[in-house]
file upload06.cif (mmCIF, C-alpha atoms)
data_input
loop_
_atom_site.label_atom_id
_atom_site.label_comp_id
_atom_site.auth_asym_id
_atom_site.auth_seq_id
_atom_site.Cartn_x
_atom_site.Cartn_y
_atom_site.Cartn_z
CA MET A 465 142.70 97.30 105.25
CA ASN A 466 139.18 96.71 103.94
CA SER A 467 139.53 93.11 102.79
CA GLU A 468 140.49 91.82 106.23
CA SER A 469 140.19 93.85 109.41
CA LEU A 470 142.25 92.28 112.22
CA LEU A 471 141.85 93.40 115.82
CA LEU A 472 143.57 92.29 119.04
CA ASP A 473 141.54 92.02 122.23
CA SER A 474 142.89 92.09 125.80
CA THR A 475 143.86 88.41 125.62
CA ASN A 476 145.79 88.90 122.37
CA THR A 477 143.21 86.81 120.53
CA VAL A 478 142.93 87.75 116.89
CA LYS A 479 139.41 88.95 116.00
CA LYS A 480 138.24 89.12 112.42
CA THR A 481 135.51 91.52 111.35
CA LYS A 482 133.53 90.79 108.22
CA THR A 483 133.32 93.05 105.16
CA ILE A 484 130.79 92.86 102.31
CA PHE A 485 131.55 94.20 98.84
CA LEU A 486 128.45 94.87 96.76
CA SER A 487 128.17 95.65 93.06
CA THR A 488 124.97 96.60 91.23
CA SER A 489 124.56 97.62 87.60
CA ASP A 490 121.14 99.14 88.38
CA ASP A 491 122.29 101.97 90.63
CA ASP A 492 120.73 105.35 91.48
CA ASP A 493 120.98 108.03 94.15
CA ARG A 494 119.16 106.05 96.86
CA PRO A 495 121.47 104.77 99.63
CA VAL A 496 121.91 101.03 100.24
CA TYR A 497 121.20 99.42 103.61
CA ILE A 498 121.64 95.88 104.93
CA SER A 499 118.71 94.37 106.86
CA GLY A 500 119.01 91.02 108.56
CA ASN A 501 118.81 88.74 111.57
CA PHE A 502 121.34 90.96 113.36
CA ASN A 503 119.07 94.07 113.47
CA ASN A 504 115.59 92.50 113.55
CA TRP A 505 115.30 93.06 109.78
CA THR A 506 115.01 96.80 110.24
CA THR A 507 115.20 98.92 107.09
CA GLN A 508 116.90 102.32 107.05
CA ASP A 509 119.03 101.32 110.01
CA ARG A 510 121.87 103.83 109.75
CA ARG A 511 124.18 101.46 111.64
CA PHE A 512 124.05 99.22 108.56
CA LEU A 513 124.25 101.87 105.84
CA MET A 514 126.72 100.78 103.16
CA LYS A 515 129.50 103.11 102.06
CA LYS A 516 129.32 104.10 98.40
CA ILE A 517 132.73 103.74 96.80
CA SER A 518 131.69 104.65 93.26
CA LYS A 519 128.65 104.26 91.04
CA GLY A 520 127.37 100.71 91.55
CA LYS A 521 130.06 99.84 94.12
CA TYR A 522 129.44 99.63 97.89
CA GLU A 523 131.09 98.13 100.93
CA PHE A 524 130.29 97.59 104.59
CA THR A 525 132.33 96.27 107.52
CA PHE A 526 130.30 94.73 110.30
CA PRO A 527 131.05 95.79 113.88
CA ASP A 528 133.01 93.47 116.09
CA GLY A 529 130.78 91.30 118.26
CA PRO A 530 129.62 87.73 118.85
CA GLU A 531 126.31 88.34 117.05
CA PHE A 532 128.26 88.84 113.81
CA GLU A 533 130.36 85.68 114.24
CA LYS A 534 127.38 83.35 113.79
CA GLU A 535 125.50 82.85 110.51
CA LEU A 536 124.34 86.15 109.00
CA ILE A 537 121.04 86.18 107.09
CA TYR A 538 120.28 89.38 105.23
CA LYS A 539 119.00 91.34 102.25
CA PHE A 540 119.96 94.62 100.62
CA THR A 541 117.41 97.45 100.35
CA LYS A 542 117.36 101.02 99.16
CA GLY A 543 115.78 101.97 102.47
CA ASP A 544 112.46 100.14 102.56
CA TRP A 545 110.90 96.80 101.67
CA SER A 546 109.20 98.62 98.80
CA GLU A 547 112.73 99.24 97.49
CA VAL A 548 114.28 95.86 98.16
CA GLU A 549 116.62 93.95 95.84
CA ILE A 550 115.04 91.78 93.12
CA ASP A 551 116.42 89.53 90.38
CA ARG A 552 116.87 90.62 86.77
CA TYR A 553 113.36 89.44 85.91
CA GLY A 554 111.74 91.50 88.66
CA ASN A 555 111.13 88.54 90.99
CA ARG A 556 111.63 88.35 94.72
CA THR A 557 115.06 87.04 95.76
CA PRO A 558 115.76 84.60 98.62
CA ASN A 559 117.53 85.72 101.78
CA ARG A 560 121.31 85.81 101.59
CA HIS A 561 123.39 83.68 103.97
CA TRP A 562 126.95 84.05 105.26
CA LYS A 563 127.84 80.81 107.05
CA ASN A 564 131.61 80.47 106.71
CA ASP A 565 134.48 82.06 108.58
CA LYS A 566 135.79 84.11 105.67
CA VAL A 567 136.27 87.79 106.42
CA THR A 568 135.12 89.10 103.03
CA LYS A 569 132.16 88.37 100.80
CA THR A 570 131.33 89.72 97.35
CA GLU A 571 127.67 90.14 96.40
CA LYS A 572 125.74 91.36 93.35
CA VAL A 573 122.27 92.88 92.97
CA ALA A 574 120.65 92.83 89.53
CA LYS A 575 117.78 95.26 90.14
CA TRP A 576 115.90 97.15 92.84
CA ARG A 577 112.23 97.72 93.45
CA LYS A 578 111.05 101.30 93.30
CA ASN A 579 107.75 102.11 95.00
CA TRP A 580 106.99 98.33 95.12
CA LEU A 581 107.19 97.98 91.34
CA PRO A 582 107.66 96.11 88.98
CA TYR A 583 104.92 93.53 89.48
CA ARG A 584 104.08 90.09 88.10
CA PRO A 585 100.85 90.12 86.05
CA SER A 586 99.99 86.65 87.35
CA GLN A 587 99.73 88.10 90.86
CA LEU A 588 97.27 90.88 89.97
CA PRO A 589 94.06 90.81 92.01
CA ILE A 590 90.81 89.68 90.40
CA ILE A 591 88.82 92.86 89.75
CA ARG A 592 85.06 92.42 89.75
CA LEU A 593 82.40 95.04 89.20
CA ILE A 594 79.89 94.27 91.95
CA SER A 595 77.30 96.61 90.44
CA GLU A 596 77.01 99.55 88.09
CA GLU A 597 74.18 100.84 90.28
CA PHE A 598 74.50 99.53 93.81
CA GLU A 599 71.60 100.95 95.78
CA ILE A 600 72.31 103.38 98.60
CA PRO A 601 68.92 103.49 100.35
CA GLN A 602 70.22 105.86 103.02
CA LEU A 603 70.81 108.51 100.32
CA ASN A 604 68.25 107.32 97.78
CA LYS A 605 71.02 107.01 95.19
CA THR A 606 73.03 104.36 93.38
CA ARG A 607 76.77 104.01 92.97
CA LYS A 608 79.32 101.86 91.15
CA VAL A 609 81.09 99.46 93.52
CA TRP A 610 84.09 97.21 92.83
CA ALA A 611 85.74 94.24 94.54
CA LEU A 612 89.43 93.38 94.27
CA LEU A 613 90.00 89.78 95.30
CA PRO A 614 93.34 88.00 95.92
CA HIS A 615 94.78 86.60 92.68
CA ASP A 616 94.25 83.00 93.81
CA TYR A 617 90.80 83.58 95.34
CA ASN A 618 89.13 81.07 93.03
CA ASN A 619 91.64 78.35 93.89
CA SER A 620 91.45 78.57 97.65
CA GLU A 621 89.01 78.24 100.53
CA GLU A 622 90.61 80.99 102.59
CA GLN A 623 88.74 83.80 104.29
CA TYR A 624 90.22 87.28 104.02
CA PRO A 625 90.33 90.61 105.83
CA VAL A 626 88.41 93.41 104.10
CA LEU A 627 89.30 97.05 103.51
CA TYR A 628 86.61 99.46 102.29
CA LEU A 629 88.02 102.35 100.26
CA HIS A 630 86.40 105.52 98.96
CA ASP A 631 87.07 107.31 95.65
CA ALA A 632 87.27 104.10 93.61
CA GLN A 633 87.79 106.11 90.42
CA ASN A 634 91.30 107.00 91.60
CA LEU A 635 92.45 103.64 92.98
CA PHE A 636 93.24 101.52 89.90
CA ASN A 637 91.78 103.31 86.88
CA GLU A 638 94.57 103.97 84.38
CA ASN A 639 92.49 106.77 82.82
CA ALA A 640 91.90 108.64 86.07
CA GLU A 641 92.21 112.38 85.58
CA PHE A 642 94.67 112.89 88.43
CA GLY A 643 96.41 109.52 88.28
CA ASN A 644 95.65 106.56 90.52
CA TRP A 645 96.97 104.71 93.56
CA GLN A 646 97.86 101.63 91.47
CA ILE A 647 96.48 99.43 94.23
CA ASP A 648 96.10 96.51 91.82
CA LYS A 649 99.81 96.58 90.98
CA LYS A 650 100.82 97.15 94.60
CA LEU A 651 98.69 94.21 95.76
CA ALA A 652 100.35 92.04 93.12
CA VAL A 653 103.80 92.76 94.53
CA MET A 654 102.62 92.59 98.14
CA SER A 655 101.28 89.07 97.60
CA ASP A 656 104.88 87.92 97.12
CA TYR A 657 105.62 89.13 100.64
CA ASN A 658 102.51 87.59 102.23
CA ILE A 659 100.92 90.98 102.93
CA GLY A 660 98.59 91.16 99.94
CA LYS A 661 95.97 88.55 100.83
CA ILE A 662 93.14 90.99 101.43
CA ILE A 663 89.82 91.91 99.81
CA ILE A 664 89.40 95.53 98.77
CA ILE A 665 85.88 96.92 98.32
CA ALA A 666 86.07 100.16 96.36
CA VAL A 667 83.13 102.57 96.25
CA GLU A 668 83.06 105.27 93.58
CA HIS A 669 82.40 108.82 94.70
CA GLY A 670 79.43 110.84 93.59
CA GLU A 671 81.31 113.31 91.37
CA SER A 672 79.71 116.71 92.15
CA GLU A 673 78.11 115.21 95.27
CA ARG A 674 81.40 113.93 96.67
CA LEU A 675 82.01 116.71 99.20
CA GLN A 676 78.44 116.54 100.43
CA GLU A 677 78.56 112.77 100.91
CA TYR A 678 81.94 112.69 102.66
CA ASN A 679 81.13 115.67 104.89
CA VAL A 680 80.02 114.46 108.33
CA GLY A 681 77.76 116.70 110.38
CA LYS A 682 78.05 120.48 110.41
CA THR A 683 81.38 121.84 109.17
CA VAL A 684 82.76 124.81 107.26
CA LEU A 685 81.32 123.12 104.16
CA GLY A 686 77.82 123.19 105.63
CA ILE A 687 75.71 120.25 106.76
CA GLY A 688 76.84 117.06 105.07
CA SER A 689 75.26 113.65 104.58
CA GLY A 690 78.36 111.74 105.66
CA LYS A 691 76.60 109.91 108.49
CA LYS A 692 74.12 108.44 106.01
CA TYR A 693 76.96 107.45 103.69
CA ILE A 694 78.76 105.71 106.56
CA ARG A 695 75.55 103.88 107.44
CA PHE A 696 75.39 102.68 103.85
CA ILE A 697 78.84 101.09 104.28
CA THR A 698 78.04 99.52 107.66
CA ASP A 699 74.35 98.58 107.28
CA THR A 700 74.00 97.80 103.57
CA LEU A 701 77.31 97.21 101.78
CA LYS A 702 79.20 95.26 104.46
CA PRO A 703 76.42 92.68 105.03
CA PHE A 704 76.24 92.14 101.26
CA VAL A 705 80.01 91.71 100.98
CA ASP A 706 80.19 89.31 103.93
CA LYS A 707 77.40 87.22 102.40
CA THR A 708 78.86 87.25 98.87
CA TYR A 709 82.59 86.74 99.49
CA ARG A 710 84.75 84.69 101.83
CA THR A 711 85.49 87.42 104.34
CA LYS A 712 86.61 87.57 107.93
CA PRO A 713 83.67 89.73 109.07
CA GLU A 714 84.90 90.54 112.58
CA ARG A 715 85.94 94.12 113.37
CA GLU A 716 89.58 93.18 113.89
CA PHE A 717 89.72 92.13 110.24
CA THR A 718 87.68 95.03 108.85
CA GLY A 719 89.07 98.38 107.79
CA ILE A 720 88.02 101.56 106.05
CA GLY A 721 90.16 104.20 104.40
CA GLY A 722 90.66 107.01 101.96
CA SER A 723 92.43 110.27 101.27
CA SER A 724 91.52 113.93 101.68
CA MET A 725 87.75 114.09 102.33
CA GLY A 726 87.78 110.29 102.01
CA GLY A 727 90.27 110.27 104.89
CA LEU A 728 88.01 112.50 106.97
CA VAL A 729 84.93 110.32 106.48
CA SER A 730 87.07 107.28 107.36
CA ILE A 731 87.99 108.87 110.70
CA PHE A 732 84.32 109.37 111.54
CA SER A 733 83.49 105.84 110.36
CA GLY A 734 85.92 104.41 112.89
CA LEU A 735 84.90 106.72 115.73
CA ILE A 736 81.15 106.32 115.24
CA TYR A 737 81.21 102.57 114.50
CA PRO A 738 84.13 101.11 116.49
CA GLU A 739 82.23 97.82 116.69
CA VAL A 740 82.48 97.53 112.87
CA PHE A 741 85.91 98.94 111.97
CA GLY A 742 89.09 97.97 113.76
CA LYS A 743 91.48 99.35 111.12
CA LEU A 744 91.55 102.91 109.75
CA MET A 745 93.69 104.00 106.79
CA VAL A 746 93.66 107.79 106.79
CA PHE A 747 95.73 109.68 104.22
CA SER A 748 95.92 113.50 104.16
CA PRO A 749 92.55 113.98 105.91
CA SER A 750 90.73 117.27 105.30
CA LEU A 751 90.80 118.23 108.96
CA TRP A 752 90.61 121.90 107.97
CA VAL A 753 86.92 121.24 107.36
CA ILE A 754 86.42 120.58 111.07
CA PRO A 755 89.70 121.41 112.87
CA LYS A 756 88.14 120.97 116.32
CA ILE A 757 86.54 117.55 116.01
CA LYS A 758 84.52 116.96 119.17
CA LEU A 759 85.63 113.66 120.63
CA GLY A 760 83.35 113.58 123.66
CA PHE A 761 80.84 111.29 121.99
CA ILE A 762 83.33 108.42 121.78
CA ASP A 763 83.33 108.17 125.58
CA PHE A 764 79.88 106.59 125.33
CA PHE A 765 81.22 103.61 123.36
CA GLU A 766 82.90 100.58 124.84
CA PRO A 767 86.56 101.15 123.83
CA GLN A 768 87.98 98.47 121.55
CA GLU A 769 91.48 98.07 120.19
CA THR A 770 91.78 100.06 116.98
CA ARG A 771 94.72 100.62 114.65
CA LEU A 772 94.91 103.96 112.83
CA TYR A 773 97.48 104.58 110.09
CA LEU A 774 97.71 108.35 109.72
CA TYR A 775 99.67 109.91 106.86
CA ALA A 776 100.38 113.52 105.86
CA GLY A 777 102.66 115.28 103.40
CA GLY A 778 104.70 118.32 104.34
CA ASP A 779 104.16 119.95 100.94
CA GLU A 780 100.35 119.62 100.91
CA SER A 781 99.45 122.82 102.74
CA GLU A 782 100.70 124.99 105.55
CA THR A 783 98.41 123.28 108.04
CA MET A 784 98.19 119.62 106.97
CA VAL A 785 100.99 118.23 109.16
CA LYS A 786 99.99 120.47 112.06
CA HIS A 787 96.35 119.35 111.94
CA VAL A 788 97.25 115.65 111.66
CA THR A 789 99.83 115.81 114.46
CA LYS A 790 97.42 117.64 116.75
CA PHE A 791 94.63 115.18 116.01
CA ARG A 792 96.89 112.25 116.88
CA LYS A 793 97.83 113.84 120.21
CA ARG A 794 94.18 114.45 121.08
CA LEU A 795 93.29 110.84 120.35
CA LEU A 796 96.12 109.42 122.42
CA LYS A 797 95.38 111.74 125.35
CA ARG A 798 91.72 110.67 125.44
CA GLU A 799 91.31 108.78 128.70
CA SER A 800 88.65 106.45 127.30
CA LEU A 801 91.01 105.36 124.50
CA LYS A 802 94.11 104.78 126.64
CA GLY A 803 95.78 101.55 125.60
CA LYS A 804 93.15 100.88 122.95
CA MET A 805 94.00 103.31 120.13
CA LYS A 806 97.23 102.44 118.29
CA VAL A 807 98.26 105.26 115.95
CA HIS A 808 101.06 105.08 113.40
CA LEU A 809 101.94 108.57 112.15
CA SER A 810 103.78 108.76 108.84
CA ILE A 811 105.03 112.14 107.62
CA ASN A 812 106.68 112.67 104.23
CA GLU A 813 108.11 116.19 104.36
CA ASP A 814 108.16 116.33 100.54
CA GLY A 815 104.71 114.78 100.13
CA LYS A 816 102.12 116.56 97.99
CA HIS A 817 98.34 116.20 98.00
CA ASN A 818 98.01 113.70 95.17
CA GLU A 819 97.61 110.06 94.22
CA THR A 820 101.32 109.43 93.68
CA TYR A 821 102.16 109.93 97.35
CA TRP A 822 99.08 108.02 98.57
CA SER A 823 100.13 105.18 96.28
CA ASP A 824 103.56 105.15 97.93
CA GLU A 825 101.98 104.89 101.36
CA PHE A 826 99.35 102.25 100.55
CA PRO A 827 101.50 99.07 100.95
CA LYS A 828 103.08 100.38 104.16
CA ALA A 829 99.65 101.10 105.60
CA ILE A 830 98.29 97.68 104.60
CA GLU A 831 101.25 95.93 106.21
CA TRP A 832 101.02 97.85 109.50
CA LEU A 833 97.24 97.66 109.76
CA PHE A 834 96.65 94.03 108.85
CA PHE A 835 99.92 92.11 108.98
CA SER A 836 102.00 93.63 111.79
CA THR A 837 101.92 93.71 115.58
CA LYS A 838 104.05 96.84 115.90
CA GLU A 839 102.29 99.54 117.87
CA ASP A 840 103.66 102.57 115.99
#

call {"tool": "encode", "arguments": {"input": "upload06.cif", "output": "structure tokens"}}
result
Amino acid sequence: MNSESLLLDSTNTVKKTKTIFLSTSDDDDRPVYISGNFNNWTTQDRRFLMKKISKGKYEFTFPDGPEFEKELIYKFTKGDWSEVEIDRYGNRTPNRHWKNDKVTKTEKVAKWRKNWLPYRPSQLPIIRLISEEFEIPQLNKTRKVWALLPHDYNNSEEQYPVLYLHDAQNLFNENAEFGNWQIDKKLAVMSDYNIGKIIIIAVEHGESERLQEYNVGKTVLGIGSGKKYIRFITDTLKPFVDKTYRTKPEREFTGIGGSSMGGLVSIFSGLIYPEVFGKLMVFSPSLWVIPKIKLGFIDFFEPQETRLYLYAGGDESETMVKHVTKFRKRLLKRESLKGKMKVHLSINEDGKHNETYWSDEFPKAIEWLFFSTKED
């Protein structure tokens, strides 16, 4: 019987297993999991997948064991912290507690996050236009550059990690032609979970010159000016940012990232300047441009611990996942990088080559790169 499962052990002692009944009026096709102090707060743990009884009705009976007899602390998710339970106003909910000896407990969830949303406007980052025409002396050009500061930046004395991102036009611009990553909204939600206190420096691309500027060295696209662009980030922009804002300038608090060609130039940024960038956020990199990246040059650098978040979608192209997987293997096999390069590979088999999927991945990448000690 579901309401009270009674078991006899070898000493004829009655054991009582605990069952949770959950109701939610805001239901959909996503499964419901329980994450808590009994499974190291792991999401999508199939051992704690709730059984769906009917629309909006779920139940779960905990296994028998001493770890489930003590106080249980937990939350319900739809499979990820970006899809965790929230209250009816869209706010974060406190952890749930089961302290008593009762064998059943009835719970309710008002709403669920979906892709980290909704967000609280009060938590939105402060968006500042650093310059309409920031000089790029390495390329003899100018570019629009933005800063996204934590929402409470002006009321604190904290110093923050910094992430440099390419393609600023597609990061938070509601009028972007192909949509945007919604990083402002994602950072707003992430701040509630203590993983959003970070400064983002967003550099706009050069429109028709984008491929040329993000292309490093000689590739199938010809000879690019990517090395000069990277030097702009390291030699010109970063010193300005560190002088202007309250940053943590050390490499272990400095990252660079982007998608597609922006992902490719981010890879080279980290490999060429490991003393500057300790975090790399690489989404759907255009490795087809240079499928056999020569890695020999990195053996001349003093290896330093680097975290690389590598994402690819299975529905982007026939070769995207293959290229990314192969690149990861080559990095990890490199003798000079042994024990120093931490790579988290994220594959979404249904992922397409667009901003929607990169937006989904952004909070997960931020958390792993800057606020986690997990190796992969």

call {"tool": "closest_residue", "arguments": {"input": "upload06.cif", "among": "A:Ile687, A:Leu728, A:Leu486, A:Ala611", "to": "Ile757 (chain A)", "atoms": "all atoms listed in the file"}}
result
A:Leu728

call {"tool": "resolve_selection", "arguments": {"input": "upload06.cif", "expression": "the PyMOL selection byres ((chain A and resi 747) around 8)", "output": "MDAnalysis selection string"}}
result
chainID A and resid 721:724 727 745:746 748:749 773:776 822

call {"tool": "atom_distance", "arguments": {"input": "upload06.cif", "atom1": "CA of Gln623 (chain A)", "atom2": "CA of Leu651 (chain A)"}}
result
16.7 Å

call {"tool": "closest_residue", "arguments": {"input": "upload06.cif", "among": "A:Asn604, A:Asn618, A:Thr568, A:Ser689", "to": "Ile590 (chain A)", "atoms": "all atoms listed in the file"}}
result
A:Asn618

call {"tool": "closest_residue", "arguments": {"input": "upload06.cif", "among": "A:Ile720, A:Leu685, A:Leu772, A:Val653", "to": "Ile665 (chain A)", "atoms": "all atoms listed in the file"}}
result
A:Ile720

call {"tool": "closest_residue", "arguments": {"input": "upload06.cif", "among": "A:Asn504, A:Gln602, A:Asn634, A:Thr683", "to": "Phe696 (chain A)", "atoms": "only C-alpha atoms"}}
result
A:Gln602

call {"tool": "residues_around", "arguments": {"input": "upload06.cif", "residues": "Phe540 (chain A)", "least_positions_apart": "5", "cutoff": "10 Å", "atoms": "all atoms listed in the file", "output": "number ranges by chain"}}
result
A: 486, 496-500, 507, 513-514, 545, 547-550, 559-560, 571-573, 576

call {"tool": "resolve_selection", "arguments": {"input": "upload06.cif", "expression": "the PyMOL selection byres ((chain A and resi 592) around 8)", "output": "number ranges by chain"}}
result
A: 590-591, 593-594, 610-613

call {"tool": "write_last_selection", "arguments": {"input": "upload06.cif", "atoms": "C-alpha atoms", "output": "tab-separated table (two decimals), in the frame of the given file"}}
result
chain	number	residue	atom	x	y	z
A	590	ILE	CA	90.81	89.68	90.40
A	591	ILE	CA	88.82	92.86	89.75
A	593	LEU	CA	82.40	95.04	89.20
A	594	ILE	CA	79.89	94.27	91.95
A	610	TRP	CA	84.09	97.21	92.83
A	611	ALA	CA	85.74	94.24	94.54
A	612	LEU	CA	89.43	93.38	94.27
A	613	LEU	CA	90.00	89.78	95.30

call {"tool": "closest_residue", "arguments": {"input": "upload06.cif", "among": "A:Leu536, A:Leu675, A:Met725, A:Met654", "to": "Gln587 (chain A)", "atoms": "all atoms listed in the file"}}
result
A:Met654

call {"tool": "resolve_selection", "arguments": {"input": "upload06.cif", "expression": "the PyMOL selection byres ((chain A and resi 661) around 10)", "output": "list in words"}}
result
Pro589, Leu613, Pro614, His615, Asp616, Tyr617, Glu622, Gln623, Tyr624, Pro625, Val626, Leu651, Ala652, Met654, Ser655, Asp656, Tyr657, Asn658, Ile659, Gly660, Ile662, Ile663, Ile664, Phe834 and Phe835 of chain A

call {"tool": "residues_around", "arguments": {"input": "upload06.cif", "residues": "Ile517 (chain A)", "least_positions_apart": "6", "cutoff": "12 Å", "atoms": "all atoms listed in the file", "output": "PyMOL selection string"}}
result
chain A and resi 466+485-488+495-496+523-524
